[in-house]
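**Q** Would you mind keeping the following structure in view while I ask a few things?
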Amino acid sequence: MGRLLAWRLVRRGLDISLFEAGDLSSPSGACWTAAGMISPLSELVHSQRQIYDLGVQSLALWVEWAGELEALSGRSVAFRSAGSLLVAHGRDRTELQQFQRELQAKLGDSADEHLRQLDRTGLRQLEPALENFEQGLFLSREGDIDNRRLLPVLLDVLREQDVQFHQRTPVVCRDHAIEHRGGQQLFDCVIDCRGLGAARDIDGLRGVRGEVLVVETDEVPLQRPVRLLHPRYQLYAVPRGDNRTVIGATEIESEDRSPISVRSTMELCSALYSLHPAFAEARIVETRVNCRPATMDNLPYVYSEPGLVRVNGLYRHGYLLAPALALKVEKQIMEQFLQVA
Amino acid sequence: MSDQLELYGKRFDSRLLVGTALYPSPAVMRESVRESGAEIITLSLRRQGPEQQQGKMLWDYIRESGCRLLPNTAGCKTPREAVALAEMSREIFHTDWLKLEVVGDDYNLQPDPYGLVEAARELVKRGFRVLPYCTDDLLVCRRLLDVGCEVLMPWGAPIGTGLGLLNKYNLRTLRERLPDIPLIVDAGIGAPSQAAEAMEMGYDAVLLNTAIAKAQDPVQMARAFRLAIESGRCAFAAGLMLQRQTASPSTPTLDMPFWQQADRVPQE
C-alpha cells in the first residue's frame, strides 16, 4: 500500500520519504507474503458488497498501472487477467452450488454473467492439468499479480524519482510528524500504512494469521489461480513463473507469526495433493507466515485529518483493494494540498 | 422466570448456545450473538497460540458480548491434548466451564467416545464443569455421567453438515432414559425447523454455529433460530398432541350421517 501510494503521489509532483520497518528488499508486511490474487467475485462470498465494488475498480486500475510500471521499469510485474477457476471434488459438489447461490444472493440476476459452469470437457479445455475433476466454475473477470515482482519494480521506479528511503526504521505516525529512533521529522502530511504496526493507533485492529507454501514442479502446469472448495479446508494455488506455485492460505484468529505449523502444512499439502496427485513430488521451496491487519468488520480503514492519513485493515484483500484505496487517498491528499495552496 | 435452563447450578433464559467461528467478520459475529439471545457462547483456541495469548484481541471482543464463555477443545484428538488445552482455557478465561471435544475421526469430526470419557474423568477430577460433545449412544452418555459430567451434548449430525437430527430414535431414547439430565443437541443443525424439533422432543437446549455463521444473512438467521427454539420449547411445554391415523373434524358435521362421514376420511 505504501509503495503504491508513494508512486501515485510522486507522479503528482510531491516529494516523498518512505519509511519501511523491515528491509526494502523483503518488507515485513503481508504484501510480501500474499499470493497476489485480485478476485472480487471469489471474495464476495466471504465479504460485503463494498469489497467487491472496490475490487472491480482495482482490477481495472491494475490493468492500467501494471502497464505503466512495466513501461517505466522495463520489467514485468506479471499481471495476468486470465480469470480464475473454482473446483470441488464430487462429494463436495454442494460447495460449488453454495458458492453460486451466495453470488446470486449478493449480485442478483447479474451473477450469471460473471461465472461460467464447466463440465469435465470445459474444465480440461481451460486447465488440461486438472484431470481429476468433473465440474468447476470459471470466473473470467478476475486476475492476479506477482507481488514478488511488483514490489521490487515499484522500488526501482521510486528510486528513479528521488524518493528518500529509510529502511529498518519502525516509526510512530503523528499529524505532520514521523517519530523514530533518530528523533522526529516533520512533513506536510504523513500517510500511515503500517498495517499491524499501527495497532496502538487504530481501535480494534487485529492480526489474522495466514500461512502459505511455495512449491515447485513442472508436472502440473496451471494457467491461472485455482481454488479448491471443501467444507473445511480452503485452498488456492496460484501459478508463478519458474514452475512455482503459491499455495495458501490458512486463516487463524491469532497474531502469532511463528513458523508454519505441522497441521497447517498437512492441511495445505493434502488439499494440494487432491488437486493433482503429481504435486506429491513437488518440492516445498518456501514457507511464509504473516498476519493480515483487519478491523472488526473486516472492512478497510481510511482515516484522514489535516497532516495525517491512515490506510489500514486490508485484511485478505491487499492487492484486491490497494489501487482503489490508493486512488481515493491520492485524491484526498491532493485536495489537502490544493486547499493549503 | 419459571422455565429456565439450568446447567451446573446456573440459570439461563435462553436455550440457544452459539459458536463464534466462521462468521464473515467479528462484528457480524457479535451482532448475530446479540440477535440470537444466546447467553452462552463457545470459542476455540487450539490453533491460536494460546500460550502467548496471540488471539487476545478477538477474545476480548467476544468477552465484551457479556455472555458466559464456554471454551472448547475443538481440534484435540487425545485426552492429554484436551486436558492441557482445558487448563490453558481456564487460566485465560477464568472459567471452569468447558465444552469437551475429543475428535476420533478427521473426516466427519466424530467424537472419540473412549477418549472423551477418559478426558472427562480427568477434567472433573481437576474441578472442571464439563459439557461433553458426544455421540447419541446411550451407554457412552451413561459413562460420561458416571465420571461426573452433569450435562450432555449429543450430536444431531456431524459438525457443519446441517443434516439435522439424523438418529431420532437414539435422541428420543436419551431423552426418555435420562429424564433429569440437561441434554443439549450440539452440532449438525442446519435449519431452524430442526432446532425446533429437538426442542419439541424435550431437549433442554441447542448449540450451533455453522447454520448461523454461514447463512447469507447471519444476523437474521440468528433471529430465526432464537424464535424456532422458543417455539419448540413452548410446544414441548404445552404438550404436543399425539399423531393419529384418522382425521377428526374439530366441528362435528351434524347434517351428515356418520357412515357418509366415514367415506370422507382421507386415506394416508
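Ordering of the C-alpha cells sets the chain letters (A, B, ...), residue numbers begin anew at 1 in every chain, and ligands are numbered from 1 in the order given.
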Pick out the chain B residues within 8 Å of chain A. Count only C-alpha atoms. Give them as an NGL selection string.

**A** :B and (24-28 or 47-49 or 54-58 or 160 or 216)

**Q** What's the 8 Å shell around Ala195 in chain B, counting only C-alpha atoms, without same-chain residues fewer than 2 positions away, as an NGL selection string?

**A** :B and (164 or 189 or 191-193 or 197-199 or 206 or 225 or 228-229 or 232)

**Q** I need the chosen residues saved as a PDB file, in the first residue's frame, with N, CA and C atoms.

**A**
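Final output, part.pdb:
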ATOM      1  N   GLY B 164     -29.282 -32.081  10.330  1.00  0.00           N
ATOM      2  CA  GLY B 164     -30.389 -32.147  11.292  1.00  0.00           C
ATOM      3  C   GLY B 164     -30.264 -33.332  12.236  1.00  0.00           C
ATOM      4  N   ILE B 189     -27.054 -29.169  13.187  1.00  0.00           N
ATOM      5  CA  ILE B 189     -28.325 -28.489  12.908  1.00  0.00           C
ATOM      6  C   ILE B 189     -28.127 -27.510  11.750  1.00  0.00           C
ATOM      7  N   ALA B 191     -31.165 -26.107   9.972  1.00  0.00           N
ATOM      8  CA  ALA B 191     -32.331 -25.237   9.778  1.00  0.00           C
ATOM      9  C   ALA B 191     -33.057 -25.022  11.102  1.00  0.00           C
ATOM     10  N   PRO B 192     -33.695 -23.867  11.255  1.00  0.00           N
ATOM     11  CA  PRO B 192     -34.445 -23.602  12.488  1.00  0.00           C
ATOM     12  C   PRO B 192     -35.481 -24.691  12.791  1.00  0.00           C
ATOM     13  N   SER B 193     -36.104 -25.262  11.743  1.00  0.00           N
ATOM     14  CA  SER B 193     -37.109 -26.298  11.989  1.00  0.00           C
ATOM     15  C   SER B 193     -36.490 -27.515  12.696  1.00  0.00           C
ATOM     16  N   GLU B 197     -37.483 -28.985  16.309  1.00  0.00           N
ATOM     17  CA  GLU B 197     -37.818 -30.399  16.504  1.00  0.00           C
ATOM     18  C   GLU B 197     -37.085 -30.979  17.725  1.00  0.00           C
ATOM     19  N   ALA B 198     -35.813 -30.607  17.862  1.00  0.00           N
ATOM     20  CA  ALA B 198     -35.062 -31.081  19.034  1.00  0.00           C
ATOM     21  C   ALA B 198     -35.717 -30.585  20.318  1.00  0.00           C
ATOM     22  N   MET B 199     -36.160 -29.351  20.297  1.00  0.00           N
ATOM     23  CA  MET B 199     -36.799 -28.786  21.487  1.00  0.00           C
ATOM     24  C   MET B 199     -38.152 -29.448  21.747  1.00  0.00           C
ATOM     25  N   VAL B 206     -30.090 -26.131  22.456  1.00  0.00           N
ATOM     26  CA  VAL B 206     -29.417 -26.470  21.200  1.00  0.00           C
ATOM     27  C   VAL B 206     -28.163 -25.607  21.093  1.00  0.00           C
ATOM     28  N   PHE B 225     -33.331 -18.734  14.456  1.00  0.00           N
ATOM     29  CA  PHE B 225     -33.075 -19.827  15.400  1.00  0.00           C
ATOM     30  C   PHE B 225     -33.612 -19.502  16.794  1.00  0.00           C
ATOM     31  N   ALA B 228     -37.266 -20.156  16.642  1.00  0.00           N
ATOM     32  CA  ALA B 228     -37.572 -21.583  16.499  1.00  0.00           C
ATOM     33  C   ALA B 228     -37.385 -22.316  17.814  1.00  0.00           C
ATOM     34  N   ILE B 229     -36.339 -21.944  18.534  1.00  0.00           N
ATOM     35  CA  ILE B 229     -36.053 -22.640  19.790  1.00  0.00           C
ATOM     36  C   ILE B 229     -37.084 -22.257  20.855  1.00  0.00           C
ATOM     37  N   GLY B 232     -40.169 -24.190  19.793  1.00  0.00           N
ATOM     38  CA  GLY B 232     -40.067 -25.628  20.092  1.00  0.00           C
ATOM     39  C   GLY B 232     -40.217 -25.907  21.579  1.00  0.00           C
TER      40      GLY B 232
END

**Q** Identify, on the basis of only C-alpha atoms, every residue whose closest approach to Asp136 in chain B does not exceed 7 Å; exclude the query and any residue fewer than 6 positions from it along the same chain; express the result as a ChimeraX atom specification.

**A** /B:154-155,170-171

**Q** Using the selection just defined, write its residues with all heavy atoms as an mmCIF file, in the first residue's frame.

**A**
data_model
loop_
_atom_site.group_PDB
_atom_site.id
_atom_site.type_symbol
_atom_site.label_atom_id
_atom_site.label_comp_id
_atom_site.auth_asym_id
_atom_site.auth_seq_id
_atom_site.Cartn_x
_atom_site.Cartn_y
_atom_site.Cartn_z
ATOM 1 N N PRO B 154 -25.163 -34.453 23.041
ATOM 2 C CA PRO B 154 -25.091 -35.379 21.908
ATOM 3 C C PRO B 154 -25.242 -34.651 20.572
ATOM 4 O O PRO B 154 -25.914 -33.629 20.496
ATOM 5 C CB PRO B 154 -26.288 -36.301 22.153
ATOM 6 C CG PRO B 154 -27.248 -35.489 22.953
ATOM 7 C CD PRO B 154 -26.414 -34.587 23.813
ATOM 8 N N TRP B 155 -24.625 -35.211 19.554
ATOM 9 C CA TRP B 155 -24.724 -34.581 18.230
ATOM 10 C C TRP B 155 -26.072 -34.866 17.582
ATOM 11 O O TRP B 155 -26.710 -35.885 17.860
ATOM 12 C CB TRP B 155 -23.574 -35.034 17.336
ATOM 13 C CG TRP B 155 -23.537 -36.499 16.910
ATOM 14 C CD1 TRP B 155 -24.370 -37.510 17.287
ATOM 15 C CD2 TRP B 155 -22.599 -37.070 16.004
ATOM 16 N NE1 TRP B 155 -24.000 -38.685 16.685
ATOM 17 C CE2 TRP B 155 -22.918 -38.433 15.886
ATOM 18 C CE3 TRP B 155 -21.515 -36.571 15.280
ATOM 19 C CZ2 TRP B 155 -22.190 -39.316 15.068
ATOM 20 C CZ3 TRP B 155 -20.811 -37.441 14.478
ATOM 21 C CH2 TRP B 155 -21.148 -38.791 14.384
ATOM 22 N N ASN B 170 -32.355 -42.707 18.616
ATOM 23 C CA ASN B 170 -31.356 -42.587 19.676
ATOM 24 C C ASN B 170 -31.573 -41.332 20.521
ATOM 25 O O ASN B 170 -31.438 -41.367 21.742
ATOM 26 C CB ASN B 170 -29.949 -42.538 19.073
ATOM 27 C CG ASN B 170 -29.381 -43.931 18.896
ATOM 28 O OD1 ASN B 170 -30.098 -44.923 19.010
ATOM 29 N ND2 ASN B 170 -28.101 -44.014 18.611
ATOM 30 N N LEU B 171 -31.876 -40.247 19.838
ATOM 31 C CA LEU B 171 -32.055 -38.992 20.581
ATOM 32 C C LEU B 171 -33.267 -39.082 21.514
ATOM 33 O O LEU B 171 -33.222 -38.627 22.656
ATOM 34 C CB LEU B 171 -32.203 -37.815 19.610
ATOM 35 C CG LEU B 171 -30.902 -37.424 18.873
ATOM 36 C CD1 LEU B 171 -31.185 -36.436 17.743
ATOM 37 C CD2 LEU B 171 -29.875 -36.815 19.834
#

**Q** Using DSSP secondary structure from the backbone, list all helix (DSSP H, G or I) positions within range 203-330 of chain A, as an MDAnalysis selection string.

**A** chainID A and resid 262:275 277:281 318:330

**Q** So which one's closest to Glu87 in chain B, B:Gly127, B:Gly66, B:Pro179, B:Pro132? Using only C-alpha atoms, please.

**A**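 Closest candidate: B:Gly127.
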